>>> print(open('data-v6.csv').read())   # CSV, C-alpha atoms
chain,number,residue,atom,x,y,z
A,1,MET,CA,13.7,12.9,-1.2
A,2,GLY,CA,10.4,11.2,-1.8
A,3,ALA,CA,7.7,10.2,0.7
A,4,VAL,CA,6.3,6.7,1.3
A,5,HIS,CA,2.5,6.5,1.1
A,6,VAL,CA,0.8,3.3,2.4
A,7,HIS,CA,-2.7,2.5,1.4
A,8,GLU,CA,-4.7,-0.2,3.1
A,9,PHE,CA,-8.3,-1.4,3.1
A,10,MET,CA,-9.2,-2.4,6.7
A,11,SER,CA,-12.1,-3.8,8.7
A,12,LEU,CA,-13.2,-2.3,12.0
A,13,ASP,CA,-11.3,-5.0,13.8
A,14,GLY,CA,-8.1,-4.3,11.8
A,15,VAL,CA,-8.2,-7.1,9.2
A,16,PHE,CA,-6.6,-6.1,5.9
A,17,GLN,CA,-6.0,-9.6,4.4
A,18,ASP,CA,-7.6,-10.3,1.0
A,19,PRO,CA,-9.8,-7.2,0.7
A,20,SER,CA,-12.3,-9.0,-1.5
A,21,TRP,CA,-14.7,-8.5,1.4
A,22,THR,CA,-14.8,-4.8,0.5
A,23,PHE,CA,-16.7,-5.6,-2.7
A,24,GLN,CA,-20.0,-5.7,-0.9
A,25,PHE,CA,-19.6,-2.0,-0.1
A,26,GLY,CA,-19.0,-0.9,-3.7
A,27,PHE,CA,-16.4,1.6,-4.8
A,28,PRO,CA,-17.7,5.1,-4.6
A,29,ASP,CA,-16.3,7.7,-7.0
A,30,ARG,CA,-14.9,9.7,-4.1
A,31,LEU,CA,-12.8,6.8,-3.0
A,32,GLY,CA,-11.3,6.5,-6.5
A,33,GLU,CA,-10.5,10.2,-6.3
A,34,ARG,CA,-8.8,9.8,-3.0
A,35,LEU,CA,-6.7,6.9,-4.1
A,36,GLY,CA,-6.0,8.5,-7.4
A,37,ALA,CA,-4.6,11.6,-5.5
A,38,VAL,CA,-2.3,9.3,-3.6
A,39,THR,CA,-1.0,7.4,-6.7
A,40,ASP,CA,-0.8,10.6,-8.8
A,41,ARG,CA,2.1,11.9,-6.6
A,42,CYS,CA,3.9,8.5,-6.7
A,43,GLU,CA,6.6,7.6,-9.1
A,44,GLY,CA,7.1,4.0,-8.0
A,45,ILE,CA,5.6,1.2,-6.1
A,46,LEU,CA,7.2,-0.7,-3.2
A,47,LEU,CA,5.8,-4.2,-2.5
A,48,GLY,CA,6.6,-7.2,-0.4
A,49,ARG,CA,6.9,-10.5,-2.3
A,50,LYS,CA,3.5,-12.0,-1.4
A,51,THR,CA,1.6,-8.8,-2.4
A,52,PHE,CA,3.8,-8.6,-5.6
A,53,GLU,CA,2.9,-12.2,-6.5
A,54,MET,CA,-0.8,-11.4,-5.9
A,55,PHE,CA,-0.8,-8.1,-7.8
A,56,ALA,CA,1.1,-9.2,-10.8
A,57,PRO,CA,-1.5,-11.5,-12.3
A,58,ALA,CA,-4.3,-9.2,-11.2
A,59,TRP,CA,-2.9,-6.0,-12.7
A,60,SER,CA,-0.6,-6.9,-15.5
A,61,GLY,CA,-3.4,-7.7,-18.0
A,62,ARG,CA,-5.5,-4.7,-17.1
A,63,THR,CA,-5.8,-1.7,-19.3
A,64,ALA,CA,-7.0,1.9,-18.6
A,65,GLU,CA,-10.3,0.9,-20.1
A,66,ASP,CA,-10.6,-1.9,-17.5
A,67,ASP,CA,-9.5,0.2,-14.6
A,68,PRO,CA,-8.2,3.8,-14.4
A,69,GLY,CA,-5.5,2.6,-12.0
A,70,ALA,CA,-4.0,0.1,-14.5
A,71,PRO,CA,-1.5,2.5,-16.1
A,72,PHE,CA,0.0,3.5,-12.7
A,73,PHE,CA,0.4,-0.2,-11.6
A,74,ASN,CA,1.7,-1.4,-14.9
A,75,ASP,CA,3.9,1.5,-16.0
A,76,SER,CA,5.5,2.5,-12.7
A,77,THR,CA,8.6,0.8,-11.5
A,78,LYS,CA,7.8,-1.9,-8.9
A,79,HIS,CA,10.5,-2.3,-6.2
A,80,VAL,CA,10.0,-5.7,-4.6
A,81,VAL,CA,11.4,-6.4,-1.1
A,82,SER,CA,12.3,-10.2,-1.1
A,83,SER,CA,15.0,-12.5,-0.2
A,84,THR,CA,13.6,-15.4,-2.4
A,85,LEU,CA,12.4,-13.8,-5.6
A,86,ASP,CA,15.1,-13.7,-8.3
A,87,ASP,CA,13.6,-12.1,-11.4
A,88,ALA,CA,10.7,-9.8,-10.8
A,89,GLU,CA,10.8,-8.4,-14.3
A,90,ALA,CA,10.0,-11.9,-15.7
A,91,VAL,CA,6.8,-11.8,-13.6
A,92,TRP,CA,5.6,-8.3,-14.2
A,93,ARG,CA,7.2,-5.6,-16.5
A,94,ASN,CA,9.0,-2.7,-14.8
A,95,SER,CA,9.8,-4.7,-11.7
A,96,GLU,CA,13.0,-5.1,-9.8
A,97,VAL,CA,14.0,-7.0,-6.7
A,98,VAL,CA,15.7,-4.7,-4.1
A,99,GLY,CA,16.7,-7.7,-1.9
A,100,PRO,CA,15.7,-8.7,1.6
A,101,TYR,CA,14.4,-6.1,4.1
A,102,ASP,CA,17.1,-3.6,5.0
A,103,ALA,CA,16.0,-0.2,6.5
A,104,GLU,CA,19.1,1.6,5.3
A,105,ALA,CA,18.7,0.3,1.7
A,106,LEU,CA,15.0,1.4,1.7
A,107,ARG,CA,16.1,4.9,3.0
A,108,LYS,CA,18.5,5.1,0.1
A,109,LEU,CA,15.8,4.0,-2.4
A,110,LYS,CA,13.4,6.6,-0.9
A,111,ASP,CA,16.1,9.3,-1.4
A,112,SER,CA,16.9,8.2,-4.9
A,113,VAL,CA,13.3,8.2,-6.4
A,114,ASP,CA,12.3,11.5,-8.0
A,115,GLY,CA,8.7,11.3,-6.6
A,116,ASP,CA,7.0,9.4,-3.9
A,117,LEU,CA,6.6,5.6,-3.4
A,118,TYR,CA,3.3,3.8,-3.0
A,119,ILE,CA,2.7,0.6,-0.9
A,120,SER,CA,-0.5,-1.4,-0.8
A,121,GLY,CA,-1.0,-4.6,1.2
A,122,SER,CA,2.5,-5.9,2.0
A,123,GLY,CA,1.8,-6.2,5.8
A,124,GLN,CA,5.1,-7.5,6.9
A,125,LEU,CA,6.9,-4.8,4.9
A,126,VAL,CA,4.7,-2.0,6.2
A,127,ARG,CA,5.0,-3.2,9.8
A,128,ALA,CA,8.8,-3.2,9.6
A,129,MET,CA,8.9,0.2,7.8
A,130,LEU,CA,6.6,1.7,10.4
A,131,ALA,CA,8.8,0.5,13.2
A,132,ASP,CA,11.9,2.0,11.4
A,133,GLY,CA,10.2,5.3,10.8
A,134,LEU,CA,10.1,4.9,7.0
A,135,ILE,CA,6.4,5.6,6.4
A,136,ASP,CA,5.3,9.2,5.7
A,137,HIS,CA,1.6,8.7,5.2
A,138,LEU,CA,-0.7,5.9,6.2
A,139,HIS,CA,-3.9,6.1,4.1
A,140,LEU,CA,-6.5,3.8,5.6
A,141,VAL,CA,-10.0,3.0,4.3
A,142,VAL,CA,-11.9,1.6,7.3
A,143,TYR,CA,-15.0,-0.4,6.4
A,144,PRO,CA,-18.0,-0.8,8.7
A,145,ILE,CA,-17.6,-4.5,9.3
A,146,ALA,CA,-15.8,-6.6,11.9
A,147,LEU,CA,-14.5,-9.8,10.3
A,148,GLY,CA,-13.4,-11.6,13.4
A,149,THR,CA,-10.5,-13.5,11.7
A,150,GLY,CA,-7.8,-12.6,9.2
A,151,ASP,CA,-4.4,-11.0,9.2
A,152,ARG,CA,-4.3,-7.6,10.9
A,153,LEU,CA,-2.0,-4.8,10.0
A,154,PHE,CA,-1.2,-4.1,13.6
A,155,VAL,CA,-0.4,-7.3,15.4
A,156,ASP,CA,0.4,-8.1,19.1
A,157,GLY,CA,4.0,-7.4,19.9
A,158,SER,CA,4.4,-4.6,17.3
A,159,PRO,CA,6.3,-1.6,18.5
A,160,GLU,CA,4.3,1.4,19.5
A,161,VAL,CA,3.9,3.9,16.7
A,162,THR,CA,2.1,7.2,17.4
A,163,MET,CA,0.4,8.9,14.4
A,164,GLN,CA,-1.5,12.1,13.9
A,165,LEU,CA,-4.6,12.4,11.8
A,166,VAL,CA,-4.0,14.8,8.9
A,167,GLU,CA,-7.3,14.3,7.0
A,168,SER,CA,-10.5,12.3,7.2
A,169,GLU,CA,-13.6,11.8,5.2
A,170,ALA,CA,-16.8,9.7,5.6
A,171,LEU,CA,-17.6,8.1,2.3
A,172,ASP,CA,-21.1,7.4,1.1
A,173,ASN,CA,-20.6,3.6,1.3
A,174,GLY,CA,-20.1,3.8,5.1
A,175,SER,CA,-16.3,3.6,5.1
A,176,LEU,CA,-13.9,6.2,6.4
A,177,TYR,CA,-10.9,7.5,4.6
A,178,LEU,CA,-8.1,8.4,7.1
A,179,ASP,CA,-4.7,9.9,6.3
A,180,TYR,CA,-2.2,9.6,9.2
A,181,GLN,CA,1.4,10.8,9.5
A,182,PRO,CA,3.9,9.9,12.1
A,183,LYS,CA,3.6,12.3,15.0
A,184,GLN,CA,6.6,14.6,15.2
>>> encode(input="data-v6.csv", output="structure tokens")
Amino acid sequence: MGAVHVHEFMSLDGVFQDPSWTFQFGFPDRLGERLGAVTDRCEGILLGRKTFEMFAPAWSGRTAEDDPGAPFFNDSTKHVVSSTLDDAEAVWRNSEVVGPYDAEALRKLKDSVDGDLYISGSGQLVRAMLADGLIDHLHLVVYPIALGTGDRLFVDGSPEVTMQLVESEALDNGSLYLDYQPKQ
């Protein structure tokens, strides 16, 4: 049985939408090492439809020379949770639609994958999976900026989820890397 690892870039006030605002802080080598360690243990990617449709044009044309993460994103199987997308493979190679959100179907997917699964973005999916106890690691990179507006990962009305900090590191660009697991 694989684990589900979620990675999110987040502002101090919880905004994770369109992380282009992170560019002003640069991308330190240590952050690349941290994210690489997460993706290295993952055999597949799990995405919501909106994030899939944003990632496909951004990643599908990249090579390892462009970005060391490109082989992972392009060669791994992408499992897309969607009730409206019909043919993910036509959009981005190695992609399949798993259907609308169904906690039991995602448990079965998690159990059927040889390694772990990686999620980035996909806020609606992540919120539902957190509520259903399907997230094993929540890797947050918190940047020293409050944006004031934008979609937040944790929204009003979400069920309470208690996590425990497993690991943390202050990065030289002022951000914090935080690895949380559900509290047992």
>>> atom_distance(input="data-v6.csv", atom1="atom CA of A:Arg127", atom2="atom CA of A:Phe52")
16.4 Å
>>> atom_distance(input="data-v6.csv", atom1="atom CA of A:Asp111", atom2="atom CA of A:Pro68")
28.1 Å
>>> closest_residue(input="data-v6.csv", among="A:Glu65, A:Ser168, A:Gly48, A:Ala56", to="A:His79", atoms="only C-alpha atoms")
A:Gly48
>>> closest_residue(input="data-v6.csv", among="A:Leu147, A:Gly133, A:Glu167, A:Arg62", to="A:Gln184", atoms="all atoms listed in the file")
A:Gly133
>>> residues_around(input="data-v6.csv", residues="A:Ser158", least_positions_apart="2", cutoff="8 Å", atoms="all atoms listed in the file", output="list in words")
Arg127, Ala131, Phe154, Val155, Asp156 and Glu160 of chain A
>>> residues_near_point(input="data-v6.csv", point="(4.5, 3.6, 6.1)", cutoff="12 Å", atoms="all atoms listed in the file", output="JSON, numbers by chain")
{"A": [3, 4, 5, 6, 7, 8, 46, 47, 106, 110, 116, 117, 118, 119, 120, 121, 122, 123, 124, 125, 126, 127, 128, 129, 130, 131, 132, 133, 134, 135, 136, 137, 138, 139, 140, 153, 161, 163, 179, 180, 181, 182]}
>>> closest_atom_pairs(input="data-v6.csv", of="stretch 53-171 of chain A", to="stretch 11-18 of chain A", cutoff="8 Å", atoms="only C-alpha atoms", output="Markdown table")
| residue | atom | partner | partner_atom | distance |
| --- | --- | --- | --- | --- |
| A:Gly121 | CA | A:Phe16 | CA | 7.5 |
| A:Val142 | CA | A:Ser11 | CA | 5.6 |
| A:Tyr143 | CA | A:Ser11 | CA | 5.0 |
| A:Pro144 | CA | A:Leu12 | CA | 6.0 |
| A:Ile145 | CA | A:Ser11 | CA | 5.6 |
| A:Ala146 | CA | A:Leu12 | CA | 5.0 |
| A:Leu147 | CA | A:Ser11 | CA | 6.7 |
| A:Gly148 | CA | A:Asp13 | CA | 6.9 |
| A:Thr149 | CA | A:Val15 | CA | 7.2 |
| A:Gly150 | CA | A:Val15 | CA | 5.5 |
| A:Asp151 | CA | A:Gln17 | CA | 5.2 |
| A:Arg152 | CA | A:Val15 | CA | 4.3 |
| A:Leu153 | CA | A:Phe16 | CA | 6.3 |
| A:Phe154 | CA | A:Gly14 | CA | 7.1 |
>>> atom_distance(input="data-v6.csv", atom1="atom CA of A:Ser20", atom2="atom CA of A:Ala64")
21.0 Å
>>> residues_around(input="data-v6.csv", residues="A:Gly32", least_positions_apart="2", cutoff="12 Å", atoms="all atoms listed in the file", output="VMD selection string")
chain A and resid 26 to 30 34 to 40 67 to 69 141 171 177
>>> closest_residue(input="data-v6.csv", among="A:Pro159, A:Gly44, A:Phe55, A:Val98", to="A:Asp75", atoms="only C-alpha atoms")
A:Gly44
>>> residues_around(input="data-v6.csv", residues="A:Ser60", least_positions_apart="5", cutoff="9 Å", atoms="all atoms listed in the file", output="VMD selection string")
chain A and resid 55 70 73 to 74 92 to 93
>>> residues_near_point(input="data-v6.csv", point="(16.9, -5.6, -2.3)", cutoff="12 Å", atoms="only C-alpha atoms", output="number ranges by chain")
A: 46-49, 78-88, 95-109
>>> closest_residue(input="data-v6.csv", among="A:Glu43, A:Val91, A:Gly2, A:Phe23", to="A:Ala58", atoms="only C-alpha atoms")
A:Val91
>>> decode(input="data-v6.csv", residues="stretch 71-158 of chain A", atoms="C-alpha atoms", output="PDB file, in the first residue's frame")
ATOM      1  CA  PRO A  71      10.806  13.346 -16.248  1.00  0.00           C
ATOM      2  CA  PHE A  72       8.770  12.675 -13.101  1.00  0.00           C
ATOM      3  CA  PHE A  73       5.832  14.781 -14.264  1.00  0.00           C
ATOM      4  CA  ASN A  74       5.864  13.512 -17.834  1.00  0.00           C
ATOM      5  CA  ASP A  75       6.761   9.837 -17.356  1.00  0.00           C
ATOM      6  CA  SER A  76       4.687   9.058 -14.250  1.00  0.00           C
ATOM      7  CA  THR A  77       1.083   7.964 -14.565  1.00  0.00           C
ATOM      8  CA  LYS A  78      -1.242  10.870 -13.868  1.00  0.00           C
ATOM      9  CA  HIS A  79      -4.523   9.811 -12.230  1.00  0.00           C
ATOM     10  CA  VAL A  80      -7.081  12.589 -12.720  1.00  0.00           C
ATOM     11  CA  VAL A  81     -10.108  12.903 -10.460  1.00  0.00           C
ATOM     12  CA  SER A  82     -12.844  14.416 -12.617  1.00  0.00           C
ATOM     13  CA  SER A  83     -16.480  13.963 -13.484  1.00  0.00           C
ATOM     14  CA  THR A  84     -16.183  16.063 -16.667  1.00  0.00           C
ATOM     15  CA  LEU A  85     -12.873  15.131 -18.316  1.00  0.00           C
ATOM     16  CA  ASP A  86     -13.194  12.261 -20.777  1.00  0.00           C
ATOM     17  CA  ASP A  87      -9.776  11.585 -22.290  1.00  0.00           C
ATOM     18  CA  ALA A  88      -6.842  12.720 -20.157  1.00  0.00           C
ATOM     19  CA  GLU A  89      -4.377  10.789 -22.334  1.00  0.00           C
ATOM     20  CA  ALA A  90      -5.239  13.052 -25.280  1.00  0.00           C
ATOM     21  CA  VAL A  91      -4.232  16.047 -23.162  1.00  0.00           C
ATOM     22  CA  TRP A  92      -1.033  14.685 -21.548  1.00  0.00           C
ATOM     23  CA  ARG A  93       0.635  11.325 -22.075  1.00  0.00           C
ATOM     24  CA  ASN A  94       0.471   8.715 -19.322  1.00  0.00           C
ATOM     25  CA  SER A  95      -2.778  10.169 -17.987  1.00  0.00           C
ATOM     26  CA  GLU A  96      -6.019   8.480 -17.032  1.00  0.00           C
ATOM     27  CA  VAL A  97      -9.324   9.653 -15.608  1.00  0.00           C
ATOM     28  CA  VAL A  98     -10.332   7.847 -12.418  1.00  0.00           C
ATOM     29  CA  GLY A  99     -13.802   9.410 -12.354  1.00  0.00           C
ATOM     30  CA  PRO A 100     -15.484  11.731  -9.892  1.00  0.00           C
ATOM     31  CA  TYR A 101     -14.313  11.942  -6.297  1.00  0.00           C
ATOM     32  CA  ASP A 102     -14.983   8.681  -4.483  1.00  0.00           C
ATOM     33  CA  ALA A 103     -13.053   8.030  -1.256  1.00  0.00           C
ATOM     34  CA  GLU A 104     -13.318   4.258  -1.598  1.00  0.00           C
ATOM     35  CA  ALA A 105     -12.086   4.308  -5.207  1.00  0.00           C
ATOM     36  CA  LEU A 106      -9.102   6.428  -4.136  1.00  0.00           C
ATOM     37  CA  ARG A 107      -8.341   4.006  -1.277  1.00  0.00           C
ATOM     38  CA  LYS A 108      -8.290   1.193  -3.846  1.00  0.00           C
ATOM     39  CA  LEU A 109      -6.038   3.228  -6.146  1.00  0.00           C
ATOM     40  CA  LYS A 110      -3.704   3.974  -3.239  1.00  0.00           C
ATOM     41  CA  ASP A 111      -3.565   0.240  -2.425  1.00  0.00           C
ATOM     42  CA  SER A 112      -2.981  -0.776  -6.052  1.00  0.00           C
ATOM     43  CA  VAL A 113       0.018   1.483  -6.771  1.00  0.00           C
ATOM     44  CA  ASP A 114       3.436  -0.062  -6.124  1.00  0.00           C
ATOM     45  CA  GLY A 115       4.877   3.167  -4.730  1.00  0.00           C
ATOM     46  CA  ASP A 116       3.485   6.373  -3.338  1.00  0.00           C
ATOM     47  CA  LEU A 117       1.269   8.995  -4.985  1.00  0.00           C
ATOM     48  CA  TYR A 118       2.060  12.699  -5.297  1.00  0.00           C
ATOM     49  CA  ILE A 119      -0.431  15.578  -5.316  1.00  0.00           C
ATOM     50  CA  SER A 120       0.268  19.239  -5.941  1.00  0.00           C
ATOM     51  CA  GLY A 121      -2.324  21.993  -6.056  1.00  0.00           C
ATOM     52  CA  SER A 122      -5.702  20.301  -6.468  1.00  0.00           C
ATOM     53  CA  GLY A 123      -7.228  22.090  -3.483  1.00  0.00           C
ATOM     54  CA  GLN A 124     -10.719  20.624  -3.722  1.00  0.00           C
ATOM     55  CA  LEU A 125      -9.278  17.118  -4.015  1.00  0.00           C
ATOM     56  CA  VAL A 126      -6.838  17.645  -1.137  1.00  0.00           C
ATOM     57  CA  ARG A 127      -9.535  19.053   1.143  1.00  0.00           C
ATOM     58  CA  ALA A 128     -11.789  16.038   0.487  1.00  0.00           C
ATOM     59  CA  MET A 129      -8.947  13.553   0.939  1.00  0.00           C
ATOM     60  CA  LEU A 130      -7.874  15.192   4.200  1.00  0.00           C
ATOM     61  CA  ALA A 131     -11.444  14.967   5.484  1.00  0.00           C
ATOM     62  CA  ASP A 132     -11.569  11.283   4.486  1.00  0.00           C
ATOM     63  CA  GLY A 133      -8.209  10.439   6.053  1.00  0.00           C
ATOM     64  CA  LEU A 134      -6.490   9.658   2.741  1.00  0.00           C
ATOM     65  CA  ILE A 135      -3.455  11.961   3.058  1.00  0.00           C
ATOM     66  CA  ASP A 136      -0.317  10.491   4.633  1.00  0.00           C
ATOM     67  CA  HIS A 137       2.044  13.473   4.344  1.00  0.00           C
ATOM     68  CA  LEU A 138       1.303  17.156   3.880  1.00  0.00           C
ATOM     69  CA  HIS A 139       4.474  18.912   2.655  1.00  0.00           C
ATOM     70  CA  LEU A 140       3.996  22.671   2.927  1.00  0.00           C
ATOM     71  CA  VAL A 141       6.418  25.358   1.827  1.00  0.00           C
ATOM     72  CA  VAL A 142       5.283  28.497   3.645  1.00  0.00           C
ATOM     73  CA  TYR A 143       6.544  31.777   2.208  1.00  0.00           C
ATOM     74  CA  PRO A 144       7.064  34.988   4.210  1.00  0.00           C
ATOM     75  CA  ILE A 145       4.266  36.919   2.573  1.00  0.00           C
ATOM     76  CA  ALA A 146       0.591  37.534   3.363  1.00  0.00           C
ATOM     77  CA  LEU A 147      -1.305  37.959   0.098  1.00  0.00           C
ATOM     78  CA  GLY A 148      -4.649  39.025   1.498  1.00  0.00           C
ATOM     79  CA  THR A 149      -6.694  37.404  -1.253  1.00  0.00           C
ATOM     80  CA  GLY A 150      -6.759  34.122  -3.124  1.00  0.00           C
ATOM     81  CA  ASP A 151      -7.885  30.548  -2.645  1.00  0.00           C
ATOM     82  CA  ARG A 152      -6.820  29.024   0.632  1.00  0.00           C
ATOM     83  CA  LEU A 153      -6.108  25.384   1.188  1.00  0.00           C
ATOM     84  CA  PHE A 154      -7.973  25.384   4.495  1.00  0.00           C
ATOM     85  CA  VAL A 155     -11.321  27.118   4.060  1.00  0.00           C
ATOM     86  CA  ASP A 156     -14.051  28.040   6.531  1.00  0.00           C
ATOM     87  CA  GLY A 157     -16.339  25.114   7.157  1.00  0.00           C
ATOM     88  CA  SER A 158     -13.711  22.440   6.551  1.00  0.00           C
TER      89      SER A 158
END
